[in-house]
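Asks: What follows is target.cif, mmCIF, C-alpha atoms and all ligand atoms.
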data_start
loop_
_atom_site.label_atom_id
_atom_site.label_comp_id
_atom_site.auth_asym_id
_atom_site.auth_seq_id
_atom_site.Cartn_x
_atom_site.Cartn_y
_atom_site.Cartn_z
CA MET A 1 16.67 27.91 18.76
CA LYS A 2 17.50 28.38 15.13
CA HIS A 3 16.21 26.25 12.27
CA TYR A 4 18.52 23.93 10.53
CA TYR A 5 17.99 21.97 7.32
CA SER A 6 14.19 22.17 7.46
CA ASP A 7 11.54 23.68 9.70
CA HIS A 8 11.53 20.48 11.71
CA PHE A 9 15.16 20.63 12.77
CA THR A 10 16.46 23.15 15.26
CA ILE A 11 19.64 23.53 17.25
CA GLY A 12 19.07 23.76 20.99
CA GLU A 13 20.84 25.98 23.54
CA ASN A 14 23.14 23.06 24.34
CA GLY A 15 24.19 22.81 20.67
CA HIS A 16 22.25 19.60 20.12
CA ILE A 17 20.22 19.01 16.99
CA CYS A 18 16.50 18.60 17.68
CA MET A 19 13.61 17.23 15.64
CA ASP A 20 10.27 18.89 16.37
CA GLY A 21 11.78 20.13 19.61
CA VAL A 22 13.03 16.71 20.74
CA ASP A 23 16.78 16.49 21.45
CA LEU A 24 18.16 13.83 19.10
CA VAL A 25 21.21 13.18 21.30
CA THR A 26 18.76 12.11 24.02
CA VAL A 27 16.92 9.96 21.47
CA ALA A 28 20.24 8.27 20.64
CA GLN A 29 20.88 7.64 24.34
CA ASP A 30 17.36 6.32 24.97
CA PHE A 31 16.96 4.10 21.91
CA GLY A 32 20.55 3.36 20.91
CA THR A 33 22.19 3.76 17.50
CA PRO A 34 21.90 3.34 14.65
CA ALA A 35 18.30 4.49 14.67
CA TYR A 36 15.96 6.05 12.13
CA VAL A 37 13.98 8.97 13.52
CA MET A 38 10.83 10.22 11.79
CA SER A 39 8.78 13.38 12.27
CA GLU A 40 5.07 12.58 12.27
CA SER A 41 4.20 16.24 11.82
CA GLN A 42 6.32 16.49 8.70
CA ILE A 43 4.69 13.40 7.18
CA ARG A 44 1.31 14.98 7.87
CA GLU A 45 2.40 18.32 6.42
CA ASN A 46 3.51 16.55 3.25
CA CYS A 47 0.16 14.73 2.99
CA ARG A 48 -1.60 18.08 3.31
CA ALA A 49 0.64 19.88 0.81
CA PHE A 50 -0.14 17.26 -1.83
CA THR A 51 -3.83 17.13 -0.96
CA GLU A 52 -4.19 20.92 -1.16
CA ALA A 53 -2.36 21.16 -4.49
CA MET A 54 -4.48 18.35 -5.94
CA LYS A 55 -7.69 19.94 -4.73
CA ARG A 56 -6.65 23.30 -6.19
CA ASN A 57 -6.09 21.70 -9.61
CA PHE A 58 -8.61 18.90 -9.82
CA GLY A 59 -11.45 19.84 -7.46
CA GLU A 60 -12.81 16.74 -5.74
CA ARG A 61 -11.70 14.33 -8.44
CA TYR A 62 -8.29 13.32 -7.21
CA LYS A 63 -6.50 10.88 -4.95
CA VAL A 64 -3.16 11.13 -3.27
CA ALA A 65 -1.78 7.60 -2.93
CA TYR A 66 1.42 7.13 -0.96
CA ALA A 67 3.95 4.83 -2.65
CA SER A 68 4.50 2.30 0.14
CA LYS A 69 7.87 1.13 -1.09
CA ALA A 70 9.51 4.37 0.12
CA LEU A 71 8.89 3.32 3.73
CA CYS A 72 6.62 0.43 4.55
CA ALA A 73 5.85 -0.28 8.20
CA LYS A 74 2.54 -0.49 10.05
CA PHE A 75 2.79 2.90 11.78
CA MET A 76 2.53 4.69 8.43
CA TYR A 77 -0.97 3.52 7.53
CA PRO A 78 -3.07 5.08 10.32
CA ILE A 79 -1.29 8.37 9.64
CA LEU A 80 -2.14 8.17 5.93
CA ALA A 81 -5.73 7.10 6.61
CA SER A 82 -6.31 10.01 8.95
CA GLU A 83 -5.05 12.41 6.26
CA GLY A 84 -7.37 10.89 3.65
CA VAL A 85 -4.41 9.53 1.71
CA HIS A 86 -4.55 6.23 -0.18
CA ALA A 87 -1.54 4.00 -0.92
CA ASP A 88 -0.03 1.72 -3.50
CA VAL A 89 1.73 -1.57 -2.82
CA VAL A 90 4.18 -3.47 -4.99
CA SER A 91 4.31 -6.84 -3.26
CA GLY A 92 2.38 -9.26 -1.11
CA GLY A 93 4.54 -8.15 1.82
CA GLU A 94 3.57 -4.50 1.46
CA LEU A 95 -0.07 -5.47 0.99
CA TYR A 96 0.09 -7.65 4.11
CA THR A 97 1.63 -4.81 6.12
CA ALA A 98 -1.06 -2.32 5.06
CA LEU A 99 -3.85 -4.80 5.83
CA GLN A 100 -2.32 -5.70 9.18
CA ALA A 101 -2.35 -2.00 10.00
CA GLY A 102 -6.09 -1.93 9.32
CA PHE A 103 -5.84 0.09 6.09
CA ASN A 104 -8.92 0.03 3.87
CA PRO A 105 -8.11 -2.36 0.97
CA LYS A 106 -10.34 -0.28 -1.32
CA HIS A 107 -7.82 2.53 -0.81
CA LEU A 108 -4.94 0.41 -2.13
CA HIS A 109 -3.74 -0.35 -5.62
CA PHE A 110 -1.24 -2.96 -6.63
CA HIS A 111 1.76 -2.37 -8.91
CA GLY A 112 4.54 -4.56 -10.22
CA ASN A 113 5.85 -5.96 -13.47
CA ASN A 114 5.77 -9.56 -12.25
CA LYS A 115 3.11 -10.07 -9.62
CA THR A 116 2.84 -13.71 -8.66
CA TYR A 117 -0.27 -15.87 -8.70
CA LYS A 118 -0.28 -15.91 -4.89
CA GLU A 119 0.01 -12.13 -4.68
CA LEU A 120 -2.87 -11.64 -7.12
CA VAL A 121 -5.04 -14.08 -5.16
CA MET A 122 -4.25 -12.15 -2.00
CA ALA A 123 -5.16 -8.86 -3.69
CA VAL A 124 -8.45 -10.15 -5.09
CA ASP A 125 -9.37 -11.84 -1.80
CA CYS A 126 -8.89 -8.69 0.26
CA GLY A 127 -10.96 -6.65 -2.20
CA ILE A 128 -8.13 -4.37 -3.30
CA GLY A 129 -9.16 -1.11 -5.00
CA SER A 130 -7.36 -1.78 -8.27
CA VAL A 131 -4.64 -3.85 -9.85
CA ILE A 132 -2.30 -2.06 -12.24
CA ILE A 133 -1.60 -4.62 -14.92
CA ASP A 134 1.89 -4.74 -16.36
CA ALA A 135 1.95 -7.88 -18.52
CA PHE A 136 -0.23 -9.79 -20.98
CA GLU A 137 0.27 -12.89 -18.84
CA GLU A 138 -1.06 -11.01 -15.83
CA VAL A 139 -4.36 -10.45 -17.66
CA ASP A 140 -4.79 -14.20 -18.06
CA LEU A 141 -3.74 -14.91 -14.50
CA LEU A 142 -6.07 -12.32 -13.00
CA GLU A 143 -9.01 -13.36 -15.19
CA THR A 144 -8.56 -17.00 -14.12
CA ILE A 145 -8.46 -16.03 -10.45
CA CYS A 146 -11.50 -13.75 -10.67
CA ALA A 147 -13.51 -16.22 -12.77
CA SER A 148 -12.85 -19.03 -10.28
CA LYS A 149 -14.09 -16.84 -7.45
CA GLY A 150 -16.93 -15.30 -9.43
CA VAL A 151 -15.76 -11.76 -8.72
CA HIS A 152 -14.81 -8.72 -10.79
CA GLN A 153 -11.57 -6.78 -10.33
CA ARG A 154 -11.04 -3.14 -11.21
CA VAL A 155 -7.89 -2.83 -13.30
CA LEU A 156 -5.72 -0.17 -14.93
CA PHE A 157 -2.53 -0.79 -16.84
CA ARG A 158 0.86 0.80 -17.01
CA VAL A 159 1.78 2.96 -19.98
CA LYS A 160 5.21 4.21 -21.04
CA PRO A 161 4.61 7.83 -21.89
CA GLY A 162 8.02 8.03 -23.58
CA VAL A 163 9.18 10.60 -21.08
CA HIS A 164 12.23 9.38 -19.25
CA ALA A 165 13.17 11.08 -16.03
CA ASP A 166 16.78 11.33 -15.05
CA THR A 167 17.74 12.83 -11.71
CA HIS A 168 17.76 16.44 -12.83
CA GLU A 169 16.90 16.11 -16.46
CA PHE A 170 14.47 14.63 -18.92
CA ILE A 171 15.30 12.75 -22.00
CA SER A 172 12.40 12.13 -24.32
CA THR A 173 12.61 8.62 -25.63
CA GLY A 174 10.42 7.46 -28.50
CA GLN A 175 11.00 3.83 -27.75
CA ASN A 176 11.47 3.63 -24.04
CA ASP A 177 13.84 0.83 -23.03
CA SER A 178 12.21 -0.03 -19.72
CA LYS A 179 10.92 -3.20 -18.16
CA PHE A 180 7.83 -1.28 -17.01
CA GLY A 181 4.77 -0.41 -19.01
CA PHE A 182 3.47 -0.58 -22.56
CA GLY A 183 4.47 1.81 -25.32
CA ILE A 184 2.05 4.21 -26.94
CA GLU A 185 4.02 4.72 -30.16
CA ASP A 186 4.52 1.06 -30.93
CA GLY A 187 0.84 0.22 -30.38
CA GLU A 188 1.51 -2.15 -27.50
CA ALA A 189 -0.59 -0.14 -25.04
CA MET A 190 -3.61 -0.20 -27.35
CA ARG A 191 -3.11 -3.92 -27.95
CA LEU A 192 -3.06 -4.59 -24.19
CA ALA A 193 -6.20 -2.48 -23.68
CA LYS A 194 -8.05 -4.51 -26.30
CA TYR A 195 -6.85 -7.71 -24.69
CA ILE A 196 -8.06 -6.63 -21.24
CA LEU A 197 -11.45 -5.74 -22.69
CA GLN A 198 -11.87 -9.32 -23.91
CA HIS A 199 -11.88 -10.57 -20.32
CA GLU A 200 -15.22 -10.45 -18.63
CA HIS A 201 -14.10 -10.36 -15.00
CA LEU A 202 -11.76 -7.41 -15.44
CA ASP A 203 -13.29 -3.94 -15.16
CA PHE A 204 -11.06 -1.65 -17.14
CA ALA A 205 -10.86 1.74 -15.38
CA GLY A 206 -7.88 3.63 -16.77
CA ILE A 207 -4.15 4.01 -17.26
CA HIS A 208 -1.08 4.65 -15.18
CA CYS A 209 2.44 5.97 -15.66
CA HIS A 210 5.42 6.80 -13.48
CA ILE A 211 8.23 8.70 -15.18
CA GLY A 212 10.98 8.24 -12.60
CA SER A 213 12.21 9.36 -9.23
CA GLN A 214 13.88 12.37 -7.59
CA VAL A 215 12.72 14.63 -10.43
CA PHE A 216 13.21 18.38 -9.95
CA SER A 217 12.02 19.84 -13.24
CA VAL A 218 8.40 20.74 -13.90
CA ASP A 219 8.53 20.00 -17.66
CA GLY A 220 8.64 16.23 -17.53
CA PHE A 221 5.55 16.06 -15.34
CA ALA A 222 3.66 18.42 -17.64
CA ARG A 223 4.74 16.50 -20.74
CA ALA A 224 3.74 13.16 -19.24
CA ALA A 225 0.36 14.60 -18.19
CA LYS A 226 -0.32 15.79 -21.75
CA ILE A 227 0.75 12.54 -23.40
CA MET A 228 -1.28 10.49 -20.94
CA PHE A 229 -4.44 12.56 -21.26
CA ASP A 230 -4.25 12.55 -25.05
CA PHE A 231 -3.79 8.81 -25.08
CA PHE A 232 -6.60 8.39 -22.56
CA CYS A 233 -8.99 10.23 -24.91
CA LYS A 234 -7.71 8.34 -27.95
CA MET A 235 -8.36 5.02 -26.22
CA GLU A 236 -11.87 6.02 -25.24
CA GLN A 237 -12.66 6.99 -28.83
CA GLU A 238 -11.00 4.09 -30.61
CA LEU A 239 -12.27 1.45 -28.23
CA ASN A 240 -15.61 3.09 -27.60
CA ILE A 241 -15.26 2.87 -23.83
CA THR A 242 -15.38 5.22 -20.85
CA MET A 243 -12.61 5.15 -18.29
CA ASP A 244 -12.56 7.08 -15.05
CA GLU A 245 -9.04 7.25 -13.67
CA MET A 246 -5.56 8.31 -14.63
CA ILE A 247 -2.60 7.71 -12.32
CA ILE A 248 0.38 9.89 -13.09
CA GLY A 249 2.85 8.43 -10.64
CA GLY A 250 5.26 9.91 -8.14
CA GLY A 251 8.84 11.03 -8.53
CA PHE A 252 8.71 14.47 -6.89
CA GLY A 253 12.28 15.35 -5.94
CA ILE A 254 13.42 16.37 -2.47
CA ARG A 255 16.37 18.24 -0.99
CA TYR A 256 19.19 15.97 0.12
CA MET A 257 22.03 18.49 0.06
CA PRO A 258 21.75 22.14 1.12
CA GLU A 259 22.43 23.23 -2.47
CA ASP A 260 19.61 21.12 -3.97
CA GLU A 261 16.71 23.14 -5.35
CA PRO A 262 13.92 20.64 -5.85
CA GLY A 263 11.13 23.22 -6.18
CA THR A 264 7.74 22.57 -4.61
CA PHE A 265 5.30 19.70 -5.11
CA GLY A 266 2.65 22.32 -5.80
CA GLU A 267 4.41 23.84 -8.82
CA LYS A 268 4.61 20.40 -10.47
CA LEU A 269 0.95 19.67 -9.82
CA ASP A 270 -0.05 23.15 -11.01
CA ALA A 271 1.82 22.53 -14.26
CA MET A 272 0.06 19.20 -14.72
CA GLY A 273 -3.30 20.76 -13.89
CA LYS A 274 -2.76 23.56 -16.43
CA VAL A 275 -1.85 21.14 -19.23
CA MET A 276 -4.82 18.95 -18.46
CA ARG A 277 -7.28 21.85 -18.43
CA GLU A 278 -5.92 22.92 -21.84
CA GLU A 279 -6.19 19.41 -23.24
CA SER A 280 -9.62 19.00 -21.71
CA ALA A 281 -10.85 22.10 -23.56
CA ARG A 282 -9.15 21.05 -26.78
CA LEU A 283 -10.40 17.46 -26.75
CA GLY A 284 -13.79 18.10 -25.22
CA ARG A 285 -13.33 15.50 -22.50
CA GLU A 286 -13.54 16.40 -18.85
CA ILE A 287 -10.50 15.57 -16.77
CA PRO A 288 -10.87 12.10 -15.24
CA GLU A 289 -10.00 11.40 -11.64
CA ILE A 290 -6.28 12.10 -11.27
CA VAL A 291 -4.12 10.09 -8.89
CA ILE A 292 -0.57 10.82 -7.80
CA GLU A 293 1.76 8.43 -6.00
CA PRO A 294 4.40 10.33 -4.04
CA GLY A 295 6.82 8.13 -2.12
CA ARG A 296 10.16 9.79 -1.44
CA SER A 297 8.61 13.25 -1.18
CA MET A 298 6.17 12.06 1.48
CA VAL A 299 8.72 10.62 3.93
CA GLY A 300 12.27 11.37 2.75
CA ALA A 301 12.90 14.68 4.46
CA ALA A 302 10.77 13.61 7.44
CA GLY A 303 13.48 11.19 8.54
CA CYS A 304 17.06 11.17 9.73
CA THR A 305 19.47 8.50 10.93
CA LEU A 306 21.49 8.65 14.14
CA TYR A 307 24.84 6.89 14.37
CA THR A 308 27.62 6.74 16.95
CA VAL A 309 31.15 7.45 15.76
CA GLY A 310 33.51 4.59 16.65
CA SER A 311 36.78 5.74 15.15
CA VAL A 312 38.36 8.43 13.02
CA ARG A 313 41.18 7.72 10.60
CA ASP A 314 43.02 10.63 9.00
CA ILE A 315 44.94 9.15 6.10
CA LYS A 316 47.89 11.26 5.04
CA ASP A 317 47.33 12.85 1.60
CA ALA A 318 43.99 11.08 1.38
CA ARG A 319 40.59 11.09 3.03
CA SER A 320 39.61 11.38 6.64
CA TYR A 321 37.30 8.47 7.47
CA VAL A 322 34.74 8.73 10.24
CA SER A 323 33.46 5.22 10.98
CA VAL A 324 29.93 4.77 12.31
CA ASP A 325 27.98 1.86 13.75
CA GLY A 326 25.72 1.49 10.69
CA GLY A 327 25.99 2.11 6.97
CA LEU A 328 25.14 -0.22 4.13
CA PRO A 329 22.75 -2.40 6.17
CA ASP A 330 20.55 0.59 7.10
CA ASN A 331 21.29 2.78 4.06
CA PRO A 332 22.51 1.08 0.87
CA ARG A 333 21.92 4.14 -1.30
CA PHE A 334 25.54 5.21 -1.58
CA ALA A 335 26.55 1.70 -2.58
CA LEU A 336 23.64 1.52 -5.03
CA TYR A 337 23.95 4.87 -6.75
CA GLN A 338 26.39 7.06 -4.87
CA ALA A 339 23.54 8.97 -3.29
CA LYS A 340 24.50 12.13 -1.42
CA TYR A 341 23.58 12.94 2.15
CA ASP A 342 24.18 15.84 4.49
CA ALA A 343 25.12 15.26 8.13
CA VAL A 344 26.07 17.05 11.33
CA VAL A 345 27.63 16.06 14.62
CA ALA A 346 24.37 15.96 16.57
CA ASN A 347 25.96 16.89 19.90
CA ARG A 348 27.89 19.88 18.43
CA ALA A 349 25.55 21.00 15.67
CA ASP A 350 26.23 24.65 16.50
CA ALA A 351 29.98 24.28 15.90
CA PRO A 352 31.41 25.41 12.55
CA ARG A 353 31.58 22.96 9.68
CA ASP A 354 35.35 22.83 9.67
CA LYS A 355 36.56 19.55 8.20
CA LEU A 356 36.22 17.53 5.01
CA GLN A 357 35.33 14.02 6.14
CA THR A 358 33.95 10.80 4.72
CA ILE A 359 31.42 8.84 6.74
CA ALA A 360 32.18 5.13 6.46
CA GLY A 361 29.89 2.27 7.38
CA ARG A 362 30.83 -0.80 9.33
CA CYS A 363 30.60 -3.46 6.65
CA CYS A 364 33.32 -5.41 4.92
CA GLU A 365 32.88 -3.46 1.67
CA SER A 366 34.91 -0.45 0.55
CA GLY A 367 31.74 0.89 -1.09
CA ASP A 368 30.03 1.02 2.29
CA LEU A 369 29.95 4.78 2.73
CA VAL A 370 27.18 7.04 4.00
CA ALA A 371 28.61 10.31 2.70
CA ARG A 372 31.81 10.98 0.77
CA ASP A 373 33.74 14.24 1.08
CA LEU A 374 31.31 16.15 3.24
CA THR A 375 32.37 19.20 5.22
CA PHE A 376 30.96 19.10 8.74
CA GLN A 377 32.03 19.45 12.38
CA THR A 378 35.25 17.58 13.23
CA ALA A 379 34.02 14.22 14.48
CA LYS A 380 35.57 12.12 17.20
CA ALA A 381 34.83 8.77 18.82
CA GLY A 382 31.64 8.84 20.86
CA ASP A 383 30.00 11.64 18.86
CA ILE A 384 26.48 11.15 17.55
CA LEU A 385 26.02 11.83 13.84
CA CYS A 386 22.72 12.90 12.39
CA VAL A 387 22.33 12.13 8.67
CA PHE A 388 19.43 14.03 7.09
CA ALA A 389 16.68 13.02 4.66
CA THR A 390 16.89 9.27 5.22
CA GLY A 391 13.14 8.75 5.61
CA ALA A 392 12.67 7.19 2.16
CA TYR A 393 14.37 4.13 0.67
CA ASN A 394 16.47 3.49 3.77
CA TYR A 395 14.48 1.36 6.20
CA SER A 396 12.63 -0.14 3.24
CA MET A 397 15.94 -1.10 1.61
CA ALA A 398 17.65 -2.25 4.80
CA SER A 399 19.32 -5.64 4.96
CA ASN A 400 21.03 -7.88 7.47
CA TYR A 401 24.33 -7.88 5.57
CA ASN A 402 27.17 -8.91 7.88
CA ARG A 403 24.40 -10.24 10.14
CA VAL A 404 23.72 -6.75 11.45
CA PRO A 405 20.29 -6.43 13.11
CA ARG A 406 18.02 -3.85 11.47
CA ALA A 407 17.77 -0.44 13.14
CA PRO A 408 14.57 0.68 14.87
CA ILE A 409 12.29 3.51 13.77
CA VAL A 410 11.64 6.15 16.42
CA LEU A 411 8.63 8.35 15.70
CA ILE A 412 8.47 11.89 17.06
CA SER A 413 4.86 12.92 17.70
CA ASP A 414 3.62 15.79 19.84
CA GLY A 415 7.05 16.40 21.33
CA LYS A 416 7.55 12.77 22.36
CA ALA A 417 9.75 10.00 20.97
CA ARG A 418 8.58 6.39 20.81
CA GLU A 419 9.82 3.31 19.02
CA VAL A 420 7.32 2.28 16.34
CA VAL A 421 9.54 -0.42 14.83
CA ARG A 422 11.76 -2.11 17.36
CA ARG A 423 15.42 -2.87 16.88
CA GLU A 424 16.06 -6.39 15.62
CA THR A 425 17.75 -8.75 18.03
CA TYR A 426 20.27 -11.51 17.47
CA GLU A 427 17.40 -13.96 18.08
CA ASP A 428 15.55 -12.34 15.16
CA LEU A 429 18.58 -13.03 13.01
CA VAL A 430 18.51 -16.79 13.56
CA ARG A 431 14.70 -17.10 13.65
CA ASN A 432 14.54 -18.69 10.20
CA ASP A 433 17.64 -20.86 10.49
CA LEU A 434 16.22 -24.38 10.63
CA ILE A 435 19.29 -26.37 11.65
C1 LIG B 1 8.52 4.10 -6.88
C2 LIG B 1 7.20 4.44 -7.44
C3 LIG B 1 6.53 5.58 -7.02
C4 LIG B 1 7.11 6.56 -6.03
O1 LIG B 1 8.24 7.18 -6.50
P1 LIG B 1 8.93 8.36 -5.63
O2 LIG B 1 10.05 8.80 -6.47
O3 LIG B 1 9.37 7.74 -4.36
O4 LIG B 1 7.89 9.39 -5.43
C5 LIG B 1 5.28 5.82 -7.53
N1 LIG B 1 4.71 4.99 -8.44
C6 LIG B 1 5.34 3.87 -8.87
C7 LIG B 1 4.66 2.98 -9.81
C8 LIG B 1 6.59 3.56 -8.40
O5 LIG B 1 7.21 2.46 -8.84
#
Can you give me the file's structure in the form of structure tokens?
Ligand SMILES: *Cc1c(COP(=O)(O)O)cnc(C)c1O
Replies:
Amino acid sequence: MKHYYSDHFTIGENGHICMDGVDLVTVAQDFGTPAYVMSESQIRENCRAFTEAMKRNFGERYKVAYASKALCAKFMYPILASEGVHADVVSGGELYTALQAGFNPKHLHFHGNNKTYKELVMAVDCGIGSVIIDAFEEVDLLETICASKGVHQRVLFRVKPGVHADTHEFISTGQNDSKFGFGIEDGEAMRLAKYILQHEHLDFAGIHCHIGSQVFSVDGFARAAKIMFDFFCKMEQELNITMDEMIIGGGFGIRYMPEDEPGTFGEKLDAMGKVMREESARLGREIPEIVIEPGRSMVGAAGCTLYTVGSVRDIKDARSYVSVDGGLPDNPRFALYQAKYDAVVANRADAPRDKLQTIAGRCCESGDLVARDLTFQTAKAGDILCVFATGAYNYSMASNYNRVPRAPIVLISDGKAREVVRRETYEDLVRNDLI
């Protein structure tokens, strides 16, 4: 067996691609296609890589909180809990899923720029760890809810550090044009902090930022860490308060294509740790508890999607289209932002990559592609395709467009495959149709 793509993929003697030693062609036969397949051991390895790097930089004063929106389904939460990882949620639905899975509500925090009254009630009622405020109106709403119940809620709020993360690059923006967070430069963040402090049922614990997603460079993380820590200290001094937590978000980039060089999670956390130790010495304030929120980096590379090829169309002087039994409903990321994916013919993964092909989805949309202009094994009808790194923002972004039932999630653990989210049925599709 030789490794392919990551340590978790190998090519068997029969030429089939395997995940953690399990033949994915067999998985396709047993569970049907399209199907998402996830490696439990890789999710756990990612949890440990983040935990170790945090420990190395921040001692015992850290939390790794998984960003649920990358992949939210019940099976995730016991895995996270057993690795000592917390989680964030961005909706009542994600909160409900985590609670249904038995996750400790104290280990959850709630994000979102427009949380509803109902969602905030749900969060307060379950005893959620913290709410990350992202609006003046939310302060009023949360205070009213807590006052009526006679309870206190731990809160942080979202800051715009003025560091904008692009895919591979950072652009420093003085005035950040974003719907999220409150600016430091324009005084809005300080104004919100003062406003929160006027509300007796809100326990103000710290600040949060998230600079973007799929970030490769170390600089942006280090810059955000410095800006945040400086502002943290400034707030404590100006407002004469003590806070205890700083959340510096997620955004750690992963490899989608073989040529991508995302670097390691550790190097980004080491850079943040270094900056914070320097600032700590300069400002005479010990580093507060630091929280990171990796989403994509926790599950992205731990997943792949299996499809069956239905037809191949070689268009003269144009592209060669390989049509599969999924696409936009299970992975809208090409349609959304022309995301790139690598793929192989799962049943001939050992054959040379010999043809430039475009993987097309099954929907009535020309933009429904999975991968455009990718060189891989010549595909033919009946082949199984394995598309890599689909663990994040695929299942969680899936839809029923064209009334296509959602694909199942098959989890590989200890050399065995089992469905942890079942395939939707046609009955599921009409479940909410009232007449
Ligand atoms: C999306 C999001 C994350 C996770 O981002 P990744 O790029 O998936 O790591 C973390 N924090 C917040 C607030 C987010 O919105």
Asks: Near A:Asp330, counting all atoms listed in the file, which residues have an atom at most 10 Å away, once you skip same-chain residues fewer than 2 positions from it, shown as an mmCIF file with C-alpha atoms, in the coordinates of the input?
Replies:
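The result, stored in out.cif:
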data_model
loop_
_atom_site.group_PDB
_atom_site.id
_atom_site.type_symbol
_atom_site.label_atom_id
_atom_site.label_comp_id
_atom_site.auth_asym_id
_atom_site.auth_seq_id
_atom_site.Cartn_x
_atom_site.Cartn_y
_atom_site.Cartn_z
ATOM 1 C CA PRO A 34 21.900 3.340 14.650
ATOM 2 C CA ALA A 35 18.300 4.490 14.670
ATOM 3 C CA TYR A 36 15.960 6.050 12.130
ATOM 4 C CA THR A 305 19.470 8.500 10.930
ATOM 5 C CA GLY A 326 25.720 1.490 10.690
ATOM 6 C CA GLY A 327 25.990 2.110 6.970
ATOM 7 C CA LEU A 328 25.140 -0.220 4.130
ATOM 8 C CA PRO A 332 22.510 1.080 0.870
ATOM 9 C CA ARG A 333 21.920 4.140 -1.300
ATOM 10 C CA GLY A 361 29.890 2.270 7.380
ATOM 11 C CA VAL A 370 27.180 7.040 4.000
ATOM 12 C CA THR A 390 16.890 9.270 5.220
ATOM 13 C CA TYR A 393 14.370 4.130 0.670
ATOM 14 C CA ASN A 394 16.470 3.490 3.770
ATOM 15 C CA TYR A 395 14.480 1.360 6.200
ATOM 16 C CA SER A 396 12.630 -0.140 3.240
ATOM 17 C CA MET A 397 15.940 -1.100 1.610
ATOM 18 C CA ALA A 398 17.650 -2.250 4.800
ATOM 19 C CA SER A 399 19.320 -5.640 4.960
ATOM 20 C CA ASN A 400 21.030 -7.880 7.470
ATOM 21 C CA TYR A 401 24.330 -7.880 5.570
ATOM 22 C CA VAL A 404 23.720 -6.750 11.450
ATOM 23 C CA PRO A 405 20.290 -6.430 13.110
ATOM 24 C CA ARG A 406 18.020 -3.850 11.470
ATOM 25 C CA ALA A 407 17.770 -0.440 13.140
ATOM 26 C CA PRO A 408 14.570 0.680 14.870
#
Asks: Taking all atoms listed in the file into account, name the residue in A:Gly187, A:Pro161, A:Gly249, A:Gly12 that is nearest to ligand LIG 1 (chain B).
Replies: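 Nearest to ligand LIG 1 (chain B): A:Gly249.
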Asks: When you draw a straight line from atom CA of A:Phe231 to atom CA of A:Leu202, how long is it in Å?
Replies: 20.5 Å
Asks: Please report, as JSON, the centre and edge lengths in Å to one decimal of an axis-aligned box covering all listed atoms of stretch 13-25 of chain A with 6 Å per side.
Replies:
{"center_x": 17.2, "center_y": 19.6, "center_z": 20.0, "size_x": 25.9, "size_y": 24.8, "size_z": 20.7}
Asks: Using all atoms listed in the file, what are the residues with an atom within 7 Å of ligand LIG 1 (chain B), set out as a short mmCIF file (atom, residue, chain, number, x, y, z; two decimals) with C-alpha atoms, keeping the file's coordinate frame?
Replies:
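Okay, out28.cif is ready:
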data_model
loop_
_atom_site.label_atom_id
_atom_site.label_comp_id
_atom_site.auth_asym_id
_atom_site.auth_seq_id
_atom_site.Cartn_x
_atom_site.Cartn_y
_atom_site.Cartn_z
CA ALA A 67 3.95 4.83 -2.65
CA LYS A 69 7.87 1.13 -1.09
CA ALA A 70 9.51 4.37 0.12
CA HIS A 111 1.76 -2.37 -8.91
CA CYS A 209 2.44 5.97 -15.66
CA HIS A 210 5.42 6.80 -13.48
CA GLY A 212 10.98 8.24 -12.60
CA SER A 213 12.21 9.36 -9.23
CA GLN A 214 13.88 12.37 -7.59
CA GLY A 249 2.85 8.43 -10.64
CA GLY A 250 5.26 9.91 -8.14
CA GLY A 251 8.84 11.03 -8.53
CA PHE A 252 8.71 14.47 -6.89
CA GLY A 253 12.28 15.35 -5.94
CA GLU A 293 1.76 8.43 -6.00
CA PRO A 294 4.40 10.33 -4.04
CA GLY A 295 6.82 8.13 -2.12
CA ARG A 296 10.16 9.79 -1.44
CA SER A 297 8.61 13.25 -1.18
#
Asks: Mind listing as a list of chain:residue names all residues within 8 Å of (7.2, 14.1, -21.5), counting only C-alpha atoms?
Replies: A:Pro161, A:Gly162, A:Val163, A:His164, A:Phe170, A:Ser172, A:Asp219, A:Gly220, A:Phe221, A:Ala222, A:Arg223, A:Ala224, A:Ala225, A:Lys226, A:Ile227
Asks: Please rebuild stretch 75-80 of chain A with N, CA and C atoms and return the result as a PDB file, keeping the file's coordinate frame.
Replies:
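rebuild_29.pdb, written as the output of this step:
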ATOM      1  N   PHE A  75       3.128   1.583  11.199  1.00  0.00           N
ATOM      2  CA  PHE A  75       2.790   2.900  11.780  1.00  0.00           C
ATOM      3  C   PHE A  75       2.376   3.915  10.730  1.00  0.00           C
ATOM      4  N   MET A  76       2.828   3.717   9.488  1.00  0.00           N
ATOM      5  CA  MET A  76       2.530   4.690   8.430  1.00  0.00           C
ATOM      6  C   MET A  76       1.041   4.753   8.083  1.00  0.00           C
ATOM      7  N   TYR A  77       0.367   3.600   8.124  1.00  0.00           N
ATOM      8  CA  TYR A  77      -0.970   3.520   7.530  1.00  0.00           C
ATOM      9  C   TYR A  77      -2.057   4.289   8.283  1.00  0.00           C
ATOM     10  N   PRO A  78      -2.086   4.236   9.628  1.00  0.00           N
ATOM     11  CA  PRO A  78      -3.070   5.080  10.320  1.00  0.00           C
ATOM     12  C   PRO A  78      -2.834   6.577  10.074  1.00  0.00           C
ATOM     13  N   ILE A  79      -1.574   6.964   9.923  1.00  0.00           N
ATOM     14  CA  ILE A  79      -1.290   8.370   9.640  1.00  0.00           C
ATOM     15  C   ILE A  79      -1.879   8.739   8.280  1.00  0.00           C
ATOM     16  N   LEU A  80      -1.621   7.901   7.275  1.00  0.00           N
ATOM     17  CA  LEU A  80      -2.140   8.170   5.930  1.00  0.00           C
ATOM     18  C   LEU A  80      -3.657   8.201   5.940  1.00  0.00           C
TER      19      LEU A  80
END
